[in-house]
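S.K.: Sharing structure-v6.txt (compact mmCIF, C-alpha atoms) below.
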# COMPACT_ATOMS: atom_id res chain seq x y z
CA MET A 1 13.78 -13.91 -55.69
CA SER A 2 10.61 -15.13 -53.98
CA SER A 3 8.49 -12.58 -52.15
CA GLN A 4 8.86 -14.54 -48.90
CA ARG A 5 12.65 -14.59 -49.15
CA GLN A 6 12.73 -10.89 -49.99
CA SER A 7 10.42 -10.18 -47.07
CA ILE A 8 12.86 -11.83 -44.64
CA ILE A 9 15.84 -9.96 -46.10
CA SER A 10 13.92 -6.69 -45.93
CA ALA A 11 13.00 -7.36 -42.29
CA ILE A 12 16.66 -8.02 -41.40
CA ASP A 13 17.67 -4.81 -43.20
CA ALA A 14 14.99 -2.87 -41.33
CA SER A 15 16.19 -4.23 -37.99
CA ALA A 16 19.74 -3.21 -38.82
CA ALA A 17 18.69 0.28 -39.87
CA ALA A 18 16.65 0.72 -36.68
CA GLU A 19 19.74 -0.04 -34.60
CA GLY A 20 22.13 2.00 -36.75
CA ILE A 21 23.89 -1.12 -37.98
CA VAL A 22 25.50 -1.27 -41.42
CA LEU A 23 25.91 -4.87 -42.50
CA ASP A 24 29.22 -5.71 -44.13
CA ALA A 25 29.47 -7.85 -47.26
CA GLN A 26 29.83 -11.16 -45.44
CA GLN A 27 27.00 -10.36 -43.04
CA ARG A 28 24.78 -9.59 -46.03
CA GLN A 29 25.77 -12.92 -47.53
CA LEU A 30 24.75 -14.65 -44.30
CA ALA A 31 21.45 -12.76 -44.20
CA ALA A 32 20.69 -14.00 -47.71
CA ARG A 33 21.68 -17.54 -46.76
CA LEU A 34 19.34 -17.43 -43.76
CA ALA A 35 16.52 -16.11 -45.94
CA ASP A 36 17.04 -19.12 -48.22
CA LEU A 37 15.80 -21.31 -45.39
CA GLY A 38 12.41 -19.73 -45.93
CA PRO A 39 9.48 -19.57 -43.54
CA PRO A 40 8.18 -22.83 -42.04
CA PRO A 41 6.33 -25.04 -42.26
CA ARG A 42 6.51 -25.64 -46.03
CA SER A 43 10.06 -24.56 -46.78
CA LEU A 44 11.72 -25.61 -43.55
CA ARG A 45 9.95 -28.67 -42.32
CA GLY A 46 11.33 -31.80 -43.89
CA SER A 47 12.82 -30.26 -47.01
CA SER A 48 15.48 -27.71 -46.14
CA ARG A 49 18.78 -28.17 -44.33
CA GLY A 50 19.42 -25.94 -41.36
CA LEU A 51 22.44 -23.74 -40.83
CA TYR A 52 25.36 -23.82 -38.38
CA ILE A 53 26.97 -20.37 -38.11
CA TYR A 54 30.38 -20.14 -36.49
CA GLY A 55 33.27 -17.73 -36.21
CA PRO A 56 35.11 -15.36 -33.87
CA ALA A 57 33.31 -13.45 -31.14
CA GLY A 58 31.63 -10.14 -31.93
CA ARG A 59 31.09 -10.64 -35.67
CA GLY A 60 27.29 -10.50 -35.58
CA LYS A 61 26.31 -14.19 -35.58
CA SER A 62 23.73 -13.98 -32.80
CA TRP A 63 22.37 -10.64 -34.00
CA LEU A 64 21.74 -11.92 -37.53
CA ALA A 65 20.28 -15.22 -36.30
CA ASP A 66 17.94 -13.30 -33.96
CA ALA A 67 16.91 -10.91 -36.74
CA PHE A 68 16.12 -13.87 -39.00
CA PHE A 69 14.23 -15.59 -36.18
CA ASP A 70 12.09 -12.49 -35.62
CA ALA A 71 11.44 -12.15 -39.36
CA VAL A 72 10.24 -15.71 -39.99
CA PRO A 73 6.43 -15.44 -40.17
CA THR A 74 5.38 -18.24 -37.85
CA ARG A 75 4.69 -18.75 -34.16
CA ARG A 76 5.97 -22.30 -34.37
CA LYS A 77 9.53 -21.43 -33.49
CA ALA A 78 11.68 -21.61 -30.38
CA ARG A 79 14.89 -19.89 -29.34
CA VAL A 80 17.18 -21.44 -26.75
CA HIS A 81 20.48 -20.28 -25.32
CA PHE A 82 23.15 -22.70 -24.13
CA HIS A 83 22.85 -22.02 -20.40
CA SER A 84 19.08 -21.58 -20.25
CA PHE A 85 18.58 -24.71 -22.39
CA PHE A 86 20.28 -26.98 -19.88
CA ASP A 87 18.53 -25.27 -16.97
CA ASP A 88 15.11 -25.66 -18.63
CA LEU A 89 15.85 -29.24 -19.67
CA HIS A 90 16.86 -30.33 -16.15
CA ARG A 91 13.77 -28.68 -14.65
CA HIS A 92 11.47 -30.46 -17.07
CA ILE A 93 13.25 -33.79 -16.54
CA HIS A 94 12.56 -33.31 -12.83
CA ASP A 95 8.91 -32.55 -13.58
CA HIS A 96 8.62 -35.86 -15.50
CA ARG A 97 10.86 -37.87 -13.16
CA ASP A 98 8.19 -40.57 -12.64
CA ASP A 99 7.87 -41.18 -16.39
CA HIS A 100 10.30 -43.57 -18.09
CA ARG A 101 10.16 -41.18 -21.07
CA ALA A 102 11.22 -38.24 -18.89
CA LEU A 103 14.04 -37.03 -21.16
CA ARG A 104 11.97 -37.24 -24.34
CA ARG A 105 9.05 -35.44 -22.71
CA ALA A 106 11.41 -32.78 -21.33
CA MET A 107 12.81 -32.18 -24.81
CA ASP A 108 9.28 -31.87 -26.18
CA ASP A 109 8.59 -29.28 -23.49
CA VAL A 110 11.69 -27.27 -24.43
CA THR A 111 11.19 -27.37 -28.21
CA GLY A 112 7.38 -27.33 -28.11
CA HIS A 113 5.65 -27.83 -31.45
CA SER A 114 8.26 -25.80 -33.26
CA SER A 115 9.26 -26.18 -36.87
CA LEU A 116 12.24 -23.85 -36.35
CA LEU A 117 14.74 -23.98 -33.48
CA LEU A 118 17.39 -21.30 -32.94
CA PHE A 119 20.16 -22.54 -30.66
CA ASP A 120 22.36 -19.60 -29.71
CA GLU A 121 25.95 -19.86 -28.40
CA LEU A 122 26.32 -23.61 -28.88
CA HIS A 123 29.49 -24.74 -27.16
CA VAL A 124 30.44 -27.95 -25.42
CA HIS A 125 33.12 -28.38 -22.77
CA ASP A 126 31.49 -30.91 -20.45
CA SER A 127 30.99 -34.59 -21.24
CA GLY A 128 27.56 -34.64 -19.55
CA ASP A 129 26.41 -31.66 -21.61
CA ALA A 130 27.74 -33.41 -24.71
CA ARG A 131 25.54 -36.45 -24.13
CA LEU A 132 22.41 -34.36 -23.51
CA LEU A 133 23.10 -32.15 -26.52
CA THR A 134 23.51 -35.21 -28.74
CA ARG A 135 20.13 -36.46 -27.54
CA LEU A 136 18.60 -33.06 -28.31
CA LEU A 137 20.01 -33.12 -31.83
CA GLU A 138 18.64 -36.60 -32.39
CA HIS A 139 15.28 -35.41 -31.08
CA VAL A 140 14.94 -32.32 -33.28
CA PHE A 141 16.26 -33.95 -36.45
CA ASP A 142 13.98 -36.98 -36.00
CA ARG A 143 11.08 -34.52 -35.87
CA LYS A 144 12.39 -32.66 -38.92
CA ILE A 145 12.70 -29.41 -36.99
CA ALA A 146 14.93 -26.97 -38.87
CA VAL A 147 17.84 -25.76 -36.76
CA VAL A 148 19.85 -22.56 -36.91
CA ALA A 149 22.78 -22.66 -34.50
CA THR A 150 25.46 -20.11 -33.66
CA SER A 151 28.84 -20.94 -32.17
CA ASN A 152 32.40 -19.75 -31.83
CA TYR A 153 33.55 -23.24 -32.77
CA ALA A 154 33.56 -25.16 -36.03
CA PRO A 155 31.64 -28.44 -35.62
CA ASP A 156 34.79 -30.56 -35.42
CA SER A 157 36.18 -28.27 -32.70
CA LEU A 158 33.28 -28.75 -30.28
CA LEU A 159 34.28 -30.41 -27.00
CA PRO A 160 37.92 -29.71 -27.87
CA ASN A 161 39.42 -31.55 -24.88
CA PRO A 162 41.10 -34.56 -26.54
CA ILE A 163 40.26 -36.76 -23.55
CA TRP A 164 36.50 -36.24 -24.01
CA HIS A 165 36.16 -35.22 -27.66
CA HIS A 166 35.04 -38.71 -28.74
CA ILE A 167 31.94 -38.41 -26.55
CA PHE A 168 30.51 -35.68 -28.78
CA GLU A 169 31.55 -37.20 -32.10
CA PRO A 170 28.01 -38.60 -32.65
CA GLY A 171 26.64 -35.09 -32.11
CA ILE A 172 29.19 -33.62 -34.53
CA THR A 173 28.15 -36.22 -37.11
CA LEU A 174 24.51 -35.19 -36.71
CA ILE A 175 25.39 -31.51 -37.13
CA LYS A 176 27.33 -32.22 -40.32
CA MET A 177 24.58 -34.47 -41.68
CA HIS A 178 21.72 -32.02 -41.14
CA LEU A 179 23.21 -28.53 -41.15
CA ASP A 180 25.16 -26.52 -43.68
CA THR A 181 27.95 -24.40 -42.22
CA PHE A 182 28.70 -20.70 -42.60
CA ASN A 183 31.96 -19.32 -41.24
CA LEU A 184 31.36 -15.65 -40.38
CA THR A 185 34.80 -14.14 -40.06
CA GLY A 186 35.88 -10.55 -40.45
CA ALA A 187 38.53 -8.30 -38.99
CA THR A 188 36.17 -6.23 -36.83
CA ASP A 189 34.92 -7.19 -33.39
CA TYR A 190 31.80 -5.02 -33.45
CA ARG A 191 31.47 -5.13 -29.67
CA ALA A 192 34.66 -3.08 -29.47
CA VAL A 193 33.12 -0.31 -31.58
CA ALA A 194 31.73 2.58 -29.55
CA GLN A 195 27.92 2.49 -29.31
CA THR A 196 25.35 5.22 -28.87
CA ASN A 197 22.02 4.91 -27.11
CA ALA A 198 23.20 1.68 -25.48
CA THR A 199 20.81 -0.18 -23.18
CA GLY A 200 21.02 -3.26 -21.00
CA PHE A 201 24.44 -4.85 -20.68
CA ALA A 202 25.96 -2.42 -23.19
CA ALA A 203 24.91 0.48 -20.93
CA GLY A 204 26.98 -0.87 -18.05
CA GLU A 205 30.35 0.38 -16.90
CA TRP A 206 33.65 -0.81 -15.51
CA THR A 207 34.99 1.39 -12.73
CA THR A 208 38.53 1.16 -11.45
CA GLY A 209 38.43 1.45 -7.68
CA THR A 210 38.51 -0.44 -4.39
CA SER A 211 35.29 0.66 -2.70
CA HIS A 212 31.78 -0.57 -3.40
CA PRO A 213 29.78 2.19 -5.14
CA HIS A 214 26.37 3.56 -4.27
CA GLY A 215 26.67 3.50 -0.48
CA SER A 216 26.77 0.79 2.15
CA TYR A 217 24.60 -2.29 2.36
CA GLU A 218 23.36 -4.82 4.83
CA PRO A 219 24.42 -8.35 3.84
CA THR A 220 21.57 -10.69 2.97
CA PHE A 221 20.96 -14.14 1.53
CA LEU A 222 19.24 -15.26 -1.67
CA ALA A 223 17.54 -18.66 -1.88
CA VAL A 224 17.41 -20.65 -5.12
CA ARG A 225 15.83 -24.12 -5.10
CA GLY A 226 16.67 -24.74 -1.46
CA ARG A 227 20.21 -23.36 -1.56
CA HIS A 228 21.17 -20.09 0.13
CA PHE A 229 23.79 -17.63 -1.12
CA PRO A 230 25.18 -14.54 0.63
CA VAL A 231 25.22 -11.25 -1.30
CA LEU A 232 25.84 -7.66 -0.28
CA SER A 233 22.27 -6.54 -0.77
CA VAL A 234 19.11 -6.72 -2.81
CA ARG A 235 16.75 -3.89 -3.57
CA PRO A 236 13.84 -3.73 -6.00
CA GLY A 237 15.38 -4.53 -9.38
CA ARG A 238 18.96 -4.36 -8.08
CA LEU A 239 21.47 -6.95 -6.88
CA SER A 240 24.84 -6.07 -5.34
CA ALA A 241 27.50 -8.69 -4.66
CA THR A 242 31.25 -9.15 -4.58
CA PHE A 243 33.14 -11.22 -7.08
CA ALA A 244 33.95 -13.72 -4.31
CA GLN A 245 30.27 -14.17 -3.50
CA LEU A 246 29.36 -14.77 -7.14
CA CYS A 247 32.33 -16.64 -8.54
CA ALA A 248 34.66 -17.86 -5.79
CA ALA A 249 31.74 -19.70 -4.14
CA PRO A 250 30.06 -22.78 -5.69
CA VAL A 251 27.43 -20.79 -7.62
CA SER A 252 26.08 -22.26 -10.85
CA ALA A 253 24.38 -21.07 -14.02
CA ILE A 254 21.06 -21.97 -12.37
CA GLU A 255 21.52 -19.21 -9.81
CA TYR A 256 22.88 -16.71 -12.33
CA LEU A 257 19.85 -17.25 -14.56
CA GLU A 258 17.41 -16.88 -11.67
CA TRP A 259 19.00 -13.64 -10.50
CA ALA A 260 19.45 -12.18 -13.99
CA ARG A 261 15.74 -12.67 -14.64
CA THR A 262 14.85 -11.07 -11.30
CA TYR A 263 17.26 -8.11 -11.07
CA GLU A 264 17.74 -5.78 -14.02
CA ARG A 265 20.64 -3.88 -12.44
CA TRP A 266 23.73 -5.50 -10.90
CA VAL A 267 26.81 -4.22 -9.09
CA ILE A 268 29.75 -6.61 -8.94
CA SER A 269 32.70 -5.36 -6.89
CA GLU A 270 36.20 -6.49 -5.87
CA ILE A 271 36.93 -8.16 -9.21
CA PRO A 272 40.52 -9.47 -9.27
CA ARG A 273 42.76 -9.88 -12.28
CA PHE A 274 41.68 -12.79 -14.42
CA ASP A 275 45.09 -14.40 -13.87
CA ASP A 276 44.55 -14.28 -10.11
CA MET A 277 41.30 -16.27 -10.23
CA ASP A 278 41.41 -20.02 -9.81
CA PRO A 279 40.20 -22.03 -12.83
CA GLU A 280 36.74 -22.65 -11.36
CA ALA A 281 36.22 -18.95 -10.62
CA GLN A 282 37.42 -18.06 -14.12
CA GLN A 283 34.85 -20.37 -15.68
CA ARG A 284 32.08 -19.06 -13.41
CA PHE A 285 32.87 -15.48 -14.40
CA ILE A 286 32.78 -16.46 -18.09
CA ASN A 287 29.42 -18.18 -17.57
CA LEU A 288 28.11 -15.21 -15.59
CA VAL A 289 28.99 -12.74 -18.35
CA ASP A 290 27.36 -15.05 -20.93
CA ILE A 291 24.12 -14.99 -18.97
CA LEU A 292 24.18 -11.28 -18.15
CA VAL A 293 24.58 -10.52 -21.86
CA GLU A 294 21.89 -13.01 -22.86
CA ILE A 295 19.35 -11.59 -20.38
CA ASP A 296 20.66 -8.07 -21.15
CA VAL A 297 21.30 -6.98 -17.56
CA ARG A 298 22.96 -3.63 -16.90
CA VAL A 299 26.03 -4.16 -14.71
CA SER A 300 28.42 -1.92 -12.82
CA PHE A 301 31.73 -3.79 -12.56
CA VAL A 302 34.16 -2.50 -9.92
CA SER A 303 37.78 -3.63 -9.75
CA PRO A 304 41.15 -2.38 -8.51
CA HIS A 305 42.34 -3.09 -12.07
CA SER A 306 41.39 -1.26 -15.24
CA LEU A 307 39.35 -3.12 -17.83
CA PRO A 308 42.24 -3.15 -20.35
CA GLU A 309 44.50 -4.61 -17.66
CA PHE A 310 41.90 -7.21 -16.77
CA LEU A 311 41.34 -8.16 -20.41
CA THR A 312 45.07 -8.33 -21.14
CA ALA A 313 45.31 -10.99 -18.48
CA ALA A 314 42.27 -12.85 -19.82
CA THR A 315 43.98 -14.51 -22.76
CA ASP A 316 43.78 -18.24 -23.38
CA HIS A 317 43.54 -19.49 -19.84
CA ARG A 318 40.03 -20.91 -20.13
CA PRO A 319 37.77 -22.09 -22.95
CA ASP A 320 35.53 -19.24 -24.08
CA ALA A 321 37.65 -16.55 -22.37
CA PHE A 322 37.90 -14.89 -25.80
CA ARG A 323 34.11 -14.53 -25.93
CA MET A 324 34.02 -13.02 -22.44
CA SER A 325 36.74 -10.56 -23.46
CA SER A 326 34.74 -9.53 -26.53
CA ARG A 327 31.57 -9.02 -24.50
CA MET A 328 33.30 -6.95 -21.85
CA GLN A 329 34.24 -4.50 -24.60
CA LEU A 330 30.57 -3.49 -24.67
CA VAL A 331 30.74 -1.68 -21.33
CA ARG A 332 32.12 1.78 -20.72
CA HIS A 333 35.27 1.92 -18.63
CA CYS A 334 36.90 4.73 -16.70
Is it possible to give me this structure as structure tokens?

M.R.:
Amino acid sequence: MSSQRQSIISAIDASAAAEGIVLDAQQRQLAARLADLGPPPRSLRGSSRGLYIYGPAGRGKSWLADAFFDAVPTRRKARVHFHSFFDDLHRHIHDHRDDHRALRRAMDDVTGHSSLLLFDELHVHDSGDARLLTRLLEHVFDRKIAVVATSNYAPDSLLPNPIWHHIFEPGITLIKMHLDTFNLTGATDYRAVAQTNATGFAAGEWTTGTSHPHGSYEPTFLAVRGRHFPVLSVRPGRLSATFAQLCAAPVSAIEYLEWARTYERWVISEIPRFDDMDPEAQQRFINLVDILVEIDVRVSFVSPHSLPEFLTAATDHRPDAFRMSSRMQLVRHC
């Protein structure tokens, strides 16, 4: 075993020990497979295939990919998350809107001069996203950037809607040409295991009740890129809003990202049963939870329904509802 490979494995083991995590046999196999990619630029750039890691929610895909990313001894690396990637890409396209190479320049801005790109939570349900993601894959593979991607979906299952699936077939072909696959399965959803010393999202709670906690508020508005959105209140580091304000209204991932980066504590009240939400509100709530977990925001959820009741209703009604259900297991509930 090379010293560089062993150094990466040792760093992953040290990260696990620091967080009280005991890697199971398959997770250790994945850690070793990631270490085989080696540190760029010599091992990764132009000579080593990347890795596409997929499997059920809560099995440790993102954690292991992040630990590997942190352990690789180079600054020439970039980490992008599904929602923030598209937000960043659209902003940079706008910045270069007078350049006929706007998309290519925007992708250079997002990936920088990296030799390693970690793309976390890769999923595709929208035909427009599919086209942009295909262009990104072409961009990074043309530049021989090594890619590590995590997903809940096998490559052939991306953009599963049969009406639109053909649009992402070129992207699927690129993934299969340039990336090996690793299916991380396992019987345990580790998010459902009780945690100690939790911080961020995992330190949040789900309270069953009908009143908004922590006193009364004066309604206010938040502005994002020229659009205004009503919320219950904002205080330094804290945002309070109802479910209707966040998910029943036409709020997008752009706003969620802006607010998650600005407010480290959230209170979301009046959350209905998942079955009682319309499809658009369901998808917004799924996207919101994705972003709150990614930015690691501590949230107090308040609903007339218990968390188990809410999650029982959140079955297969929307794509990615299973991932939202897994992530909600992180919070305490009473």

S.K.: Box time for segment 80-87 of chain A: axis-aligned, enclosing all its listed atoms, 6 Å extra on each side; report centre and edge lengths in Å to one decimal, as JSON.

M.R.:
{"center_x": 20.2, "center_y": -23.6, "center_z": -21.9, "size_x": 18.0, "size_y": 18.7, "size_z": 21.8}

S.K.: Mind pulling up the distance from atom CA of Leu23 of chain A to atom CA of His123 of chain A?

M.R.: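 Calculated distance between atom CA of His123 of chain A and atom CA of Leu23 of chain A is 25.4 Å.
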
S.K.: Identify, on the basis of all atoms listed in the file, every residue whose closest approach to Trp164 of chain A does not exceed 10 Å; exclude the query and any residue fewer than 2 positions from it along the same chain; express the result as a PDB file with C-alpha atoms, in the frame of the given file.

M.R.:
ATOM      1  CA  HIS A 125      33.120 -28.380 -22.770  1.00  0.00           C
ATOM      2  CA  ASP A 126      31.490 -30.910 -20.450  1.00  0.00           C
ATOM      3  CA  SER A 127      30.990 -34.590 -21.240  1.00  0.00           C
ATOM      4  CA  ALA A 130      27.740 -33.410 -24.710  1.00  0.00           C
ATOM      5  CA  LEU A 159      34.280 -30.410 -27.000  1.00  0.00           C
ATOM      6  CA  PRO A 160      37.920 -29.710 -27.870  1.00  0.00           C
ATOM      7  CA  ASN A 161      39.420 -31.550 -24.880  1.00  0.00           C
ATOM      8  CA  PRO A 162      41.100 -34.560 -26.540  1.00  0.00           C
ATOM      9  CA  HIS A 166      35.040 -38.710 -28.740  1.00  0.00           C
ATOM     10  CA  ILE A 167      31.940 -38.410 -26.550  1.00  0.00           C
ATOM     11  CA  PHE A 168      30.510 -35.680 -28.780  1.00  0.00           C
ATOM     12  CA  GLU A 169      31.550 -37.200 -32.100  1.00  0.00           C
TER      13      GLU A 169
END

S.K.: Grab the atom CA of Glu138 of chain A to atom CA of Thr181 of chain A distance for me, in Å with one decimal place.

M.R.: 18.2 Å

S.K.: What separation in Å, quoted to one decimal, exists between atom CA of Ala223 of chain A and atom CA of Trp259 of chain A?

M.R.: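 Separation of atom CA of Ala223 of chain A and atom CA of Trp259 of chain A: 10.1 Å.
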
S.K.: Please check which residues have atoms at most 9 Å from (29.5, -1.0, -14.0) in the file's coordinates, counting all atoms listed in the file, and write them as a count of residues only.

M.R.: 17

S.K.: Could you make a table, as a tab-separated table, of the residues of segment 118-237 of chain A that have an atom within 6 Å of an atom of segment 48-66 of chain A, each with its nearest atom pair and distance in Å to one decimal, counting only C-alpha atoms, in chain and number order?

M.R.:
residue	atom	partner	partner_atom	distance
A:Ala146	CA	A:Gly50	CA	5.2
A:Val147	CA	A:Gly50	CA	4.9
A:Val148	CA	A:Leu51	CA	4.8
A:Ala149	CA	A:Tyr52	CA	4.8
A:Thr150	CA	A:Ile53	CA	4.7
A:Ser151	CA	A:Tyr54	CA	4.7
A:Asn152	CA	A:Gly55	CA	4.9
A:Tyr153	CA	A:Tyr54	CA	5.8
A:Ala154	CA	A:Tyr54	CA	6.0
A:His178	CA	A:Arg49	CA	5.8
A:Leu179	CA	A:Gly50	CA	4.6
A:Asp180	CA	A:Leu51	CA	4.8
A:Thr181	CA	A:Tyr52	CA	4.7
A:Phe182	CA	A:Ile53	CA	4.8
A:Asn183	CA	A:Tyr54	CA	5.1
A:Leu184	CA	A:Gly55	CA	5.0
A:Thr185	CA	A:Gly55	CA	5.5
A:Asp189	CA	A:Gly58	CA	4.7
A:Tyr190	CA	A:Gly58	CA	5.3
A:Arg191	CA	A:Gly58	CA	5.5

S.K.: When distances are computed from all atoms listed in the file, which of A:Leu239, A:Ile271, A:Ala202, A:Ala32 shows the smallest separation from Val293 of chain A?

M.R.: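 Of all the options, A:Ala202 lies closest to Val293 of chain A.
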
S.K.: So which residues touch Arg104 of chain A within 9 Å, counting only C-alpha atoms, skipping near sequence neighbours fewer than 3 positions away, as a PyMOL selection string?

M.R.: chain A and resi 93+101+107-109+135-136+139

S.K.: Convert the current residue selection to file output with C-alpha atoms, as an mmCIF file, keeping the file's coordinate frame.

M.R.:
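Output (out_31.cif):
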data_model
loop_
_atom_site.group_PDB
_atom_site.id
_atom_site.type_symbol
_atom_site.label_atom_id
_atom_site.label_comp_id
_atom_site.auth_asym_id
_atom_site.auth_seq_id
_atom_site.Cartn_x
_atom_site.Cartn_y
_atom_site.Cartn_z
ATOM 1 C CA ILE A 93 13.250 -33.790 -16.540
ATOM 2 C CA ARG A 101 10.160 -41.180 -21.070
ATOM 3 C CA MET A 107 12.810 -32.180 -24.810
ATOM 4 C CA ASP A 108 9.280 -31.870 -26.180
ATOM 5 C CA ASP A 109 8.590 -29.280 -23.490
ATOM 6 C CA ARG A 135 20.130 -36.460 -27.540
ATOM 7 C CA LEU A 136 18.600 -33.060 -28.310
ATOM 8 C CA HIS A 139 15.280 -35.410 -31.080
#

S.K.: Using all atoms listed in the file, can you tell me which of A:Ala244, A:Ala198, A:Leu292, A:Ala71 comes closest to Ser7 of chain A?

M.R.: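 With all atoms listed in the file as the atom set, the closest residue is A:Ala71.
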
S.K.: Which residue out of A:Arg91, A:Arg143, A:Arg327, A:Lys176 has the minimum interatomic distance to Pro155 of chain A when all atoms listed in the file are used?

M.R.: A:Lys176

S.K.: Anything within 9 Å of (19.3, -20.7, -24.9): list those residues as a PyMOL selection string, counting only C-alpha atoms and sticking to the file's coordinates.

M.R.: chain A and resi 79-86+118-122+294

S.K.: Keeping only C-alpha atoms, take the residues you just selected and write them out as a compact mmCIF listing (two decimals), in the coordinates of the input.

M.R.:
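selection22.txt, written as the output of this step:
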# COMPACT_ATOMS: atom_id res chain seq x y z
CA ARG A 79 14.89 -19.89 -29.34
CA VAL A 80 17.18 -21.44 -26.75
CA HIS A 81 20.48 -20.28 -25.32
CA PHE A 82 23.15 -22.70 -24.13
CA HIS A 83 22.85 -22.02 -20.40
CA SER A 84 19.08 -21.58 -20.25
CA PHE A 85 18.58 -24.71 -22.39
CA PHE A 86 20.28 -26.98 -19.88
CA LEU A 118 17.39 -21.30 -32.94
CA PHE A 119 20.16 -22.54 -30.66
CA ASP A 120 22.36 -19.60 -29.71
CA GLU A 121 25.95 -19.86 -28.40
CA LEU A 122 26.32 -23.61 -28.88
CA GLU A 294 21.89 -13.01 -22.86

S.K.: Find the spatial neighbours of Ala31 of chain A, counting all atoms listed in the file, within a cut-off of 9 Å - ignore same-chain residues fewer than 4 positions away - and output them as a list in words.

M.R.: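 Close residues of Ala31 of chain A: Ile8, Ile9, Ile12, Asp13, Gln26, Gln27, Ala35, Asp36, Leu64, Ala65, Ala67 and Phe68 of chain A.
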